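A.B. asks: Take this structure first; my questions come after.
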Amino acid sequence: MTISLADPKDYGFLPDRLARIPAFLKEKYLDSGKLPHAALLVARAGDVVHLSMQGDGRDGVPIAEDSIYRIASMTKPITSILFMMLVEEGKVALSHKVANFLPEFEQTGVFLAGGGGRPFDTRPPANPMTMLDLLRHTSGLTYGFQERTPVDAAYRKTKIDDFHSERSLDQFIAELAALPLEFDPGSCWNYSLSTDVLGAVIQRIEGKPFAQVAQERLFDPLGMVDTHFVVPRDKADRIVDAFAFHPKDRMTPFDSGARSRWMAENRMASGGGGLASTIGDYHRFCSMLVGGGAYNGQQIISPKTLELMTANHLPGGGDLTQHSKSLFSESENAGVGFGLGFACTMEPHLTLMPGSAGEFYWGGMFSTGFFIDPVEQIHMVFMTQLMPSSTYPVRREIKSMIYAALAA
């Protein structure tokens, strides 16, 4: 489906300033070999006012509107929306214990000592892990790649966050629950496998595979025809190459589009990072969010539920710099809280970025990203494929340039 473009002047944008952005990306990132390619979509009130695509998805093959990217943690907001749809239907509540639906977590303790070949010593958690903890990343879970604690090391040793393994979602839960928590649920914020656990909760409640629930409840209604946990073989030619940062060569191959692991049938449907998608599909998802949960006459989620999701739920109303134990504790996250599946901007001036109070956003490890400004009715989707996402500040730069192009 071809993305139609509106006249940016009709939507309060200065065209010459929007045109600066692809020129900036080309000069700073593409010509220098820092990024392999860059696709950017900017919309207001759901209508696209800017679309630029630069670079090759594979050698000699330029990226296109239907190019498929690994969106990694941009899966998390999708899973969170699916979960809140079940909350709206009375099937689960934010205050419910995770163990009520995943009894494997009934005996999961908090780390005291051990690891490195020695058995773990744990204690019972002071508070039970709840659905709220999963949504806002205060569960006590972690990611192995943080390489900070003995629990992180246990994640790496067991490869618990390898979604290309033979594990089913149920097996993943059983193995994860056997590892200790890093802290008492609700006491700290730590980026983690929480949203993958949320996907398992959805699967248990609905009694069908999580990927099927996502397809039926969200992808089909929104027309997200190219969003998949396992990319079909007949779309293999559209998957772009992915790269990892290299200190000398700048980029080194990570996952070939032609032989991508995202086509492997044994991939666990990871609610925290498993999806591949297109810029057009994610634009539809964002348009639904800008529309107060509605898209093309369908109410996916209520405006009040979305309002709840995009409010700050960190304990005491603090920001990420105050609550995070590791990632996202940097000073640039001052004034940024975390809601139910999204980061949310509380005080824009503290972020040192233009924007609006009430913005919400997230990104993925391959440097993809999106943001929603419900005040200005603006959303952005950015696609590229370089990990880790912390390599360059490209998403912050793009956001600043979008607001610089806004005249009314």
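Convention: chains lettered A, B, ... in structure tokens order; per-chain residue numbering from 1; ligands numbered from 1 as shown.
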Considering only C-alpha atoms, return as a PyMOL selection string whatever protein or nucleic-acid residues lie within 9 Å of stretch 229-231 of chain A, sequence-local ones (same chain, fewer than 2 positions apart) excluded.
C.D. replies: chain A and resi 68+211+226-227+233-236+239+260-270+274-277
A.B. asks: List every residue of stretch 85-265 of chain A that DSSP, applied to the backbone, labels as alpha helix (DSSP H), and write the result as a PyMOL selection string.
C.D. replies: chain A and resi 85-88+131-136+150-158+169-177+194-206+210-214+220-222
A.B. asks: Let me see the file: selected residues, N, CA and C atoms, as a CSV table (one decimal), in the first residue's frame.
C.D. replies:
```
chain,number,residue,atom,x,y,z
A,85,MET,N,-6.1,-4.1,26.4
A,85,MET,CA,-7.4,-4.5,25.8
A,85,MET,C,-8.1,-5.6,26.6
A,86,LEU,N,-7.3,-6.5,27.2
A,86,LEU,CA,-7.8,-7.5,28.1
A,86,LEU,C,-8.3,-6.9,29.4
A,87,VAL,N,-7.6,-5.9,29.9
A,87,VAL,CA,-8.0,-5.2,31.1
A,87,VAL,C,-9.3,-4.5,30.9
A,88,GLU,N,-9.5,-3.9,29.7
A,88,GLU,CA,-10.8,-3.3,29.4
A,88,GLU,C,-11.9,-4.3,29.4
A,131,MET,N,0.9,-7.2,37.6
A,131,MET,CA,0.8,-6.8,36.2
A,131,MET,C,1.3,-5.4,36.0
A,132,LEU,N,1.1,-4.5,36.9
A,132,LEU,CA,1.6,-3.2,36.9
A,132,LEU,C,3.1,-3.2,36.8
A,133,ASP,N,3.8,-4.1,37.6
A,133,ASP,CA,5.2,-4.2,37.5
A,133,ASP,C,5.8,-4.6,36.2
A,134,LEU,N,5.0,-5.5,35.5
A,134,LEU,CA,5.5,-6.0,34.2
A,134,LEU,C,5.4,-4.8,33.2
A,135,LEU,N,4.3,-4.0,33.2
A,135,LEU,CA,4.1,-3.0,32.3
A,135,LEU,C,5.1,-1.8,32.5
A,136,ARG,N,5.5,-1.5,33.7
A,136,ARG,CA,6.3,-0.4,34.0
A,136,ARG,C,7.8,-0.8,34.3
A,150,PRO,N,25.2,-10.6,39.2
A,150,PRO,CA,25.2,-12.1,39.0
A,150,PRO,C,23.9,-12.6,38.4
A,151,VAL,N,22.8,-11.9,38.5
A,151,VAL,CA,21.6,-12.3,37.9
A,151,VAL,C,21.7,-12.1,36.4
A,152,ASP,N,22.2,-11.0,36.0
A,152,ASP,CA,22.5,-10.7,34.5
A,152,ASP,C,23.3,-11.9,34.0
A,153,ALA,N,24.3,-12.3,34.7
A,153,ALA,CA,25.2,-13.3,34.3
A,153,ALA,C,24.5,-14.6,34.1
A,154,ALA,N,23.6,-14.9,35.0
A,154,ALA,CA,22.8,-16.2,34.9
A,154,ALA,C,21.9,-16.1,33.7
A,155,TYR,N,21.4,-15.0,33.3
A,155,TYR,CA,20.6,-14.8,32.1
A,155,TYR,C,21.5,-15.2,30.9
A,156,ARG,N,22.7,-14.6,30.9
A,156,ARG,CA,23.6,-14.9,29.8
A,156,ARG,C,24.0,-16.4,29.7
A,157,LYS,N,24.2,-17.0,30.8
A,157,LYS,CA,24.6,-18.4,30.9
A,157,LYS,C,23.6,-19.3,30.4
A,158,THR,N,22.3,-19.0,30.7
A,158,THR,CA,21.2,-19.9,30.3
A,158,THR,C,20.6,-19.4,28.9
A,169,LEU,N,7.1,-20.4,24.5
A,169,LEU,CA,6.9,-19.4,25.4
A,169,LEU,C,6.7,-19.9,26.8
A,170,ASP,N,6.0,-21.1,26.9
A,170,ASP,CA,5.8,-21.7,28.2
A,170,ASP,C,7.1,-22.2,28.8
A,171,GLN,N,8.0,-22.7,28.0
A,171,GLN,CA,9.3,-23.2,28.5
A,171,GLN,C,10.2,-22.0,28.9
A,172,PHE,N,10.1,-20.9,28.2
A,172,PHE,CA,10.8,-19.7,28.6
A,172,PHE,C,10.3,-19.2,30.0
A,173,ILE,N,9.0,-19.2,30.2
A,173,ILE,CA,8.5,-18.8,31.5
A,173,ILE,C,9.0,-19.7,32.6
A,174,ALA,N,9.0,-21.0,32.4
A,174,ALA,CA,9.5,-22.0,33.4
A,174,ALA,C,11.0,-21.7,33.8
A,175,GLU,N,11.8,-21.5,32.8
A,175,GLU,CA,13.2,-21.3,33.0
A,175,GLU,C,13.5,-19.9,33.6
A,176,LEU,N,12.8,-18.9,33.2
A,176,LEU,CA,13.0,-17.6,33.8
A,176,LEU,C,12.6,-17.5,35.2
A,177,ALA,N,11.5,-18.2,35.6
A,177,ALA,CA,11.0,-18.1,36.9
A,177,ALA,C,11.9,-18.9,37.9
A,194,SER,N,10.3,-8.1,31.2
A,194,SER,CA,9.0,-8.0,31.7
A,194,SER,C,7.9,-8.1,30.6
A,195,THR,N,8.1,-7.5,29.5
A,195,THR,CA,7.1,-7.4,28.5
A,195,THR,C,7.0,-8.8,27.8
A,196,ASP,N,8.0,-9.6,27.8
A,196,ASP,CA,7.9,-11.0,27.3
A,196,ASP,C,7.1,-11.8,28.2
A,197,VAL,N,7.2,-11.6,29.5
A,197,VAL,CA,6.3,-12.2,30.5
A,197,VAL,C,4.9,-11.8,30.2
A,198,LEU,N,4.7,-10.5,29.9
A,198,LEU,CA,3.3,-10.0,29.7
A,198,LEU,C,2.7,-10.7,28.5
A,199,GLY,N,3.5,-11.0,27.4
A,199,GLY,CA,3.1,-11.8,26.3
A,199,GLY,C,2.6,-13.2,26.7
A,200,ALA,N,3.3,-13.8,27.7
A,200,ALA,CA,2.9,-15.1,28.1
A,200,ALA,C,1.6,-15.0,28.9
A,201,VAL,N,1.4,-13.9,29.7
A,201,VAL,CA,0.1,-13.7,30.4
A,201,VAL,C,-1.0,-13.6,29.4
A,202,ILE,N,-0.8,-12.9,28.3
A,202,ILE,CA,-1.9,-12.8,27.3
A,202,ILE,C,-2.2,-14.1,26.7
A,203,GLN,N,-1.2,-14.9,26.4
A,203,GLN,CA,-1.4,-16.3,25.9
A,203,GLN,C,-2.2,-17.1,26.8
A,204,ARG,N,-1.9,-17.1,28.1
A,204,ARG,CA,-2.6,-17.9,29.1
A,204,ARG,C,-4.0,-17.5,29.2
A,205,ILE,N,-4.3,-16.2,29.2
A,205,ILE,CA,-5.6,-15.7,29.4
A,205,ILE,C,-6.5,-16.0,28.2
A,206,GLU,N,-5.9,-15.8,27.0
A,206,GLU,CA,-6.7,-16.0,25.8
A,206,GLU,C,-6.7,-17.5,25.3
A,210,PHE,N,0.3,-16.4,21.6
A,210,PHE,CA,0.4,-15.0,21.7
A,210,PHE,C,0.4,-14.3,20.3
A,211,ALA,N,1.2,-14.9,19.3
A,211,ALA,CA,1.3,-14.3,18.0
A,211,ALA,C,-0.1,-14.3,17.3
A,212,GLN,N,-0.9,-15.3,17.6
A,212,GLN,CA,-2.2,-15.3,17.0
A,212,GLN,C,-3.1,-14.2,17.6
A,213,VAL,N,-3.0,-14.0,18.9
A,213,VAL,CA,-3.8,-12.9,19.5
A,213,VAL,C,-3.4,-11.6,18.9
A,214,ALA,N,-2.1,-11.4,18.7
A,214,ALA,CA,-1.6,-10.1,18.2
A,214,ALA,C,-2.2,-9.9,16.7
A,220,ASP,N,-4.6,-7.3,12.2
A,220,ASP,CA,-5.7,-7.4,11.2
A,220,ASP,C,-6.5,-6.1,11.2
A,221,PRO,N,-7.0,-5.7,12.4
A,221,PRO,CA,-7.9,-4.5,12.4
A,221,PRO,C,-7.1,-3.2,12.0
A,222,LEU,N,-5.8,-3.1,12.2
A,222,LEU,CA,-5.1,-1.9,11.8
A,222,LEU,C,-4.5,-2.0,10.4
```
A.B. asks: From the set A:Leu112, A:Ala242, A:Ile81, A:Ala294, which residue has the shortest atom-to-atom contact distance to A:Gly341, counting only C-alpha atoms?
C.D. replies: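 Using only C-alpha atoms, the shortest distance to A:Gly341 belongs to A:Ile81.
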A.B. asks: Find the spatial neighbours of stretch 298-304 of chain A, counting only C-alpha atoms, within a cut-off of 12 Å - ignore same-chain residues fewer than 6 positions away - and output them as a PyMOL selection string.
C.D. replies: chain A and resi 78+80-89+216-223+284-285+287-292+310-311+374
A.B. asks: A:Arg238, A:Lys26, A:Lys208, A:His96: which is nearest A:Arg70, counting only C-alpha atoms?
C.D. replies: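 Nearest to A:Arg70: A:Arg238.
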A.B. asks: Under the rule that only C-alpha atoms are counted, which of A:Gly273, A:Pro180, A:Gly280, A:Pro62 is the nearest residue to A:Thr2?
C.D. replies: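 Between A:Gly273, A:Pro180, A:Gly280, A:Pro62, the residue approaching A:Thr2 most closely is A:Gly280.
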A.B. asks: Identify, with DSSP run on backbone atoms, the residues in stretch 194-287 of chain A assigned to strand (DSSP E), and express the list as a compact mmCIF listing (two decimals) with N, CA and C atoms, in the first residue's frame.
C.D. replies:
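What landed in out-v9.txt:
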```txt
# COMPACT_ATOMS: atom_id res chain seq x y z
N ALA A 242 20.94 -6.09 8.68
CA ALA A 242 21.16 -5.44 9.97
C ALA A 242 22.63 -5.49 10.32
N PHE A 243 23.08 -4.47 11.05
CA PHE A 243 24.50 -4.33 11.37
C PHE A 243 24.70 -4.05 12.85
N ALA A 244 25.93 -4.31 13.30
CA ALA A 244 26.34 -3.96 14.66
C ALA A 244 27.49 -2.96 14.57
N PHE A 245 27.55 -2.07 15.55
CA PHE A 245 28.62 -1.08 15.58
C PHE A 245 29.97 -1.75 15.73
N HIS A 246 30.96 -1.23 15.01
CA HIS A 246 32.33 -1.70 15.12
C HIS A 246 33.23 -0.48 15.33
N ARG A 250 33.15 0.81 11.83
CA ARG A 250 31.88 1.51 12.05
C ARG A 250 30.68 0.57 12.00
N MET A 251 30.64 -0.33 11.01
CA MET A 251 29.54 -1.30 10.95
C MET A 251 30.10 -2.67 10.57
N THR A 252 29.54 -3.69 11.20
CA THR A 252 29.86 -5.06 10.83
C THR A 252 28.56 -5.83 10.68
N PRO A 253 28.46 -6.76 9.72
CA PRO A 253 27.18 -7.48 9.51
C PRO A 253 26.72 -8.21 10.77
N PHE A 254 25.43 -8.11 11.05
CA PHE A 254 24.83 -8.81 12.20
C PHE A 254 23.82 -9.86 11.75
N ASP A 255 22.92 -9.49 10.85
CA ASP A 255 21.90 -10.44 10.38
C ASP A 255 21.57 -10.10 8.93
N ALA A 276 9.14 -7.90 13.44
CA ALA A 276 9.66 -7.18 12.28
C ALA A 276 8.47 -6.46 11.65
N SER A 277 8.73 -5.28 11.07
CA SER A 277 7.63 -4.50 10.54
C SER A 277 8.13 -3.52 9.49
```
A.B. asks: Using atom CA of A:Ala343 and atom CA of A:Pro315 as the two end points, give the distance in Å to one decimal.
C.D. replies: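 If I compute the distance from atom CA of A:Ala343 to atom CA of A:Pro315, I get 14.2 Å.
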A.B. asks: Hey, what's within 9 Å of A:Phe120 if we count only C-alpha atoms and toss same-chain stuff fewer than 3 positions away? As a PyMOL selection string, please?
C.D. replies: chain A and resi 111-115+179-180
